[in-house]
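Undergrad: Just one file: query_23.txt, with compact mmCIF, C-alpha atoms.
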# COMPACT_ATOMS: atom_id res chain seq x y z
CA MET A 256 -0.02 -11.51 15.69
CA THR A 257 0.97 -12.39 19.24
CA ALA A 258 -0.90 -11.25 22.31
CA SER A 259 1.89 -8.84 23.22
CA GLU A 260 1.86 -6.92 19.92
CA PRO A 261 -1.21 -4.78 20.70
CA ASP A 262 0.17 -4.28 24.22
CA GLN A 263 3.29 -2.67 22.71
CA PHE A 264 1.72 -0.99 19.69
CA THR A 265 -1.29 0.60 21.39
CA PRO A 266 0.67 2.82 23.81
CA TRP A 267 3.01 3.89 21.01
CA ILE A 268 0.21 4.80 18.61
CA GLU A 269 -1.76 6.56 21.39
CA GLU A 270 1.23 8.77 22.17
CA LEU A 271 1.82 9.47 18.49
CA ILE A 272 -1.83 10.43 17.96
CA ARG A 273 -1.75 12.77 20.96
CA ALA A 274 1.56 14.28 19.79
CA ARG A 275 -0.07 15.10 16.45
CA GLY A 276 -2.79 17.09 18.24
CA TYR A 277 -5.72 14.70 18.32
CA ASP A 278 -7.69 14.80 21.58
CA ILE A 279 -8.40 11.10 21.96
CA ASP A 280 -9.10 11.38 25.68
CA SER A 281 -12.28 13.41 25.30
CA PRO A 282 -15.38 11.46 26.32
CA ARG A 283 -17.16 12.81 23.25
CA GLY A 284 -14.49 11.30 20.98
CA GLY A 285 -13.84 14.41 18.89
CA GLY A 286 -10.19 13.57 18.30
CA LYS A 287 -10.98 9.99 17.31
CA SER A 288 -13.64 11.17 14.86
CA ARG A 289 -11.34 13.81 13.37
CA LEU A 290 -8.51 11.28 12.97
CA ALA A 291 -10.88 8.78 11.36
CA ASP A 292 -12.23 11.43 8.98
CA GLU A 293 -8.77 12.68 7.98
CA ALA A 294 -7.50 9.13 7.46
CA GLY A 295 -10.63 8.04 5.64
CA VAL A 296 -11.32 5.13 7.98
CA HIS A 297 -14.21 4.18 10.21
CA ARG A 298 -14.24 5.66 13.70
CA ALA A 299 -14.80 2.13 15.05
CA ALA A 300 -11.40 1.11 13.61
CA ILE A 301 -9.75 3.90 15.60
CA THR A 302 -11.63 2.94 18.77
CA ARG A 303 -10.70 -0.76 18.43
CA LEU A 304 -7.08 0.21 17.77
CA LEU A 305 -6.88 2.46 20.83
CA GLN A 306 -8.53 -0.18 23.01
CA GLY A 307 -6.02 -2.77 21.86
CA GLN A 308 -8.79 -4.95 20.47
CA SER A 309 -7.43 -5.15 16.94
CA MET A 310 -4.56 -4.14 14.77
CA PRO A 311 -5.15 -2.04 11.64
CA ASP A 312 -5.19 -3.77 8.27
CA LEU A 313 -2.63 -2.72 5.68
CA GLU A 314 -4.80 -0.02 4.06
CA THR A 315 -5.74 1.47 7.44
CA THR A 316 -2.08 1.38 8.46
CA ARG A 317 -1.12 3.22 5.26
CA ARG A 318 -3.79 5.87 5.76
CA LEU A 319 -2.95 6.41 9.44
CA ALA A 320 0.77 6.61 8.68
CA HIS A 321 0.10 9.34 6.13
CA VAL A 322 -2.10 11.40 8.46
CA LEU A 323 0.21 10.91 11.46
CA ARG A 324 3.30 11.72 9.34
CA VAL A 325 5.18 8.53 10.16
CA PRO A 326 6.66 6.08 7.66
CA VAL A 327 4.48 3.06 6.88
CA ARG A 328 7.60 0.97 7.49
CA GLU A 329 7.75 2.15 11.10
CA MET A 330 4.05 1.46 11.62
CA LEU A 331 4.39 -2.07 10.24
CA ILE A 332 7.44 -2.83 12.37
CA ARG A 333 5.98 -1.34 15.55
CA SER A 334 2.73 -3.22 15.01
CA GLY A 335 4.69 -6.46 14.83
CA ARG A 336 3.30 -7.31 11.41
CA LEU A 337 6.77 -7.23 9.85
CA SER A 338 10.29 -7.03 11.19
CA GLU A 339 13.19 -4.78 10.29
CA GLU A 340 14.65 -7.77 8.44
CA ASP A 341 11.43 -8.02 6.41
CA LEU A 342 11.65 -4.32 5.50
CA PRO A 343 15.34 -3.48 5.15
CA LEU A 344 16.32 0.07 4.40
CA PRO A 345 17.93 0.53 0.99
CA ASP A 346 21.70 0.44 0.78
CA LEU A 347 22.49 3.96 -0.31
CA GLY A 348 26.11 3.19 -1.02
CA GLY A 349 29.03 5.26 0.12
CA ALA A 350 30.87 5.05 3.38
CA PRO A 351 28.90 4.78 6.58
CA SER A 352 28.72 8.00 8.52
CA ASP A 353 31.04 8.65 11.43
CA PRO A 354 29.11 7.75 14.61
CA ALA A 355 30.82 10.61 16.44
CA GLY A 356 30.01 13.16 13.75
CA PRO A 357 26.77 14.36 12.26
CA PRO A 358 24.79 11.79 10.27
CA ARG A 359 25.53 11.63 6.56
CA ARG A 360 22.93 13.56 4.58
CA LEU A 361 21.24 11.94 1.63
CA THR A 362 21.59 13.49 -1.75
CA LEU A 363 18.35 14.21 -3.54
CA GLU A 364 19.11 11.35 -5.95
CA GLU A 365 19.56 8.95 -3.03
CA ALA A 366 16.30 10.16 -1.54
CA ALA A 367 14.51 9.64 -4.86
CA ALA A 368 15.92 6.13 -5.19
CA GLY A 369 15.21 5.25 -1.57
CA LEU A 370 11.63 6.48 -1.84
CA GLY A 371 11.06 4.58 -5.06
CA VAL A 372 10.45 7.62 -7.25
CA PRO A 373 10.31 6.40 -10.87
CA CYS A 374 13.47 7.36 -12.75
CA ASP A 375 11.56 9.38 -15.32
CA GLN A 376 10.27 11.61 -12.50
CA TRP A 377 13.58 12.21 -10.71
CA ASP A 378 14.15 15.63 -12.27
CA MET A 379 10.78 16.86 -11.08
CA PHE A 380 11.29 15.30 -7.62
CA ILE A 381 14.71 16.94 -7.27
CA ARG A 382 13.43 20.36 -8.35
CA VAL A 383 10.49 20.22 -5.92
CA ALA A 384 12.33 18.66 -2.99
CA GLY A 385 15.30 20.98 -3.48
CA GLN A 386 13.05 23.95 -2.73
CA PHE A 387 12.65 22.73 0.85
CA LEU A 388 16.36 22.45 1.61
CA PRO A 389 18.28 25.20 3.38
CA ALA A 390 20.05 27.61 1.05
CA GLY A 391 23.11 25.98 -0.48
CA ALA A 392 22.35 22.47 0.79
CA ASP A 393 22.78 19.78 -1.82
CA ALA A 394 23.17 22.41 -4.52
CA ASP A 395 25.50 20.10 -6.44
CA ALA A 396 22.90 17.33 -6.46
CA VAL A 397 20.28 19.70 -7.81
CA ARG A 398 22.69 21.09 -10.43
CA VAL A 399 23.87 17.63 -11.57
CA ALA A 400 20.34 16.27 -11.92
CA SER A 401 19.18 19.33 -13.84
CA GLU A 402 21.96 19.24 -16.41
Can you give me the file's structure in the form of structure tokens?
TA:
Amino acid sequence: MTASEPDQFTPWIEELIRARGYDIDSPRGGGKSRLADEAGVHRAAITRLLQGQSMPDLETTRRLAHVLRVPVREMLIRSGRLSEEDLPLPDLGGAPSDPAGPPRRLTLEEAAAGLGVPCDQWDMFIRVAGQFLPAGADADAVRVASE
């Protein structure tokens, strides 16, 4: 960890925490305590993180990422622990999307593969995830996986 990593990570994580509704600026520390409780970490770890005194360990990073609704990959890259080259995104195959057009949407199968869902659980993943898609979206993917 270089000296500049906390200098870059701390402002980013502070903004993210505030954006998720935690009042970390209160002198009584209510937002820090609530975040620590929800993430299952010690309040001191949150305080040290926000003061730029230390970087979270892997388990704390994982827990904070879950509570703050951000991918662990992004947390690890932003913290400087790993680089984008260390954590490449999976090649989902197919042609790259047209930069001028809308981004290519993942099929539910691609999402399952990219997220590392075990193959024997793909059907369940597709049925559950498909419920959250807009009507008609990826209907073929749901139908193919169900057959």
Undergrad: What does the distance between atom CA of Leu363 of chain A and atom CA of Ser338 of chain A come to in Å, to one decimal place?
TA: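 Separation between atom CA of Leu363 of chain A and atom CA of Ser338 of chain A: 27.1 Å.
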Undergrad: Which of these, A:Val372, A:Val383, A:Ala366, A:Ile332, has the shortest distance to Gln263 of chain A once you count all atoms listed in the file?
TA: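 Closest to Gln263 of chain A of all the choices is A:Ile332.
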Undergrad: Need the shell around Ala320 of chain A: protein/DNA/RNA residues with any atom at most 12 Å away, counting all atoms listed in the file. Skip same-chain ones fewer than 4 positions apart. Format as a PyMOL selection string?
TA: chain A and resi 268+271-272+275+290+293-295+311-316+324-331+333-334
Undergrad: When you count only C-alpha atoms, which of these residues is closest to Arg336 of chain A: A:Ile301, A:Ala384, A:Met310, A:Leu361?
TA: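 For Arg336 of chain A, the nearest of the candidates is A:Met310.
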Undergrad: Rounded to one decimal place, report the atom CA of Leu305 of chain A-atom CA of Leu319 of chain A distance in Å.
TA: 12.7 Å
Undergrad: Please measure the separation of atom CA of Ala299 of chain A and atom CA of Pro282 of chain A, giving the value in Å to one decimal.
TA: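 A separation of 14.6 Å between them.
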Undergrad: Using all atoms listed in the file for the distances, tell me which of A:His321, A:Leu344, A:Asp292, A:Ala300 is nearest to Leu370 of chain A.
TA: A:Leu344
Undergrad: Around all of segment 286-290 of chain A's listed atoms, make the axis-aligned box with 3 Å on each side and tell me centre and edge lengths in Å to one decimal, as lines of an AutoDock Vina configuration file.
TA:
center_x = -11.1
center_y = 11.9
center_z = 15.6
size_x = 11.1
size_y = 9.8
size_z = 11.3
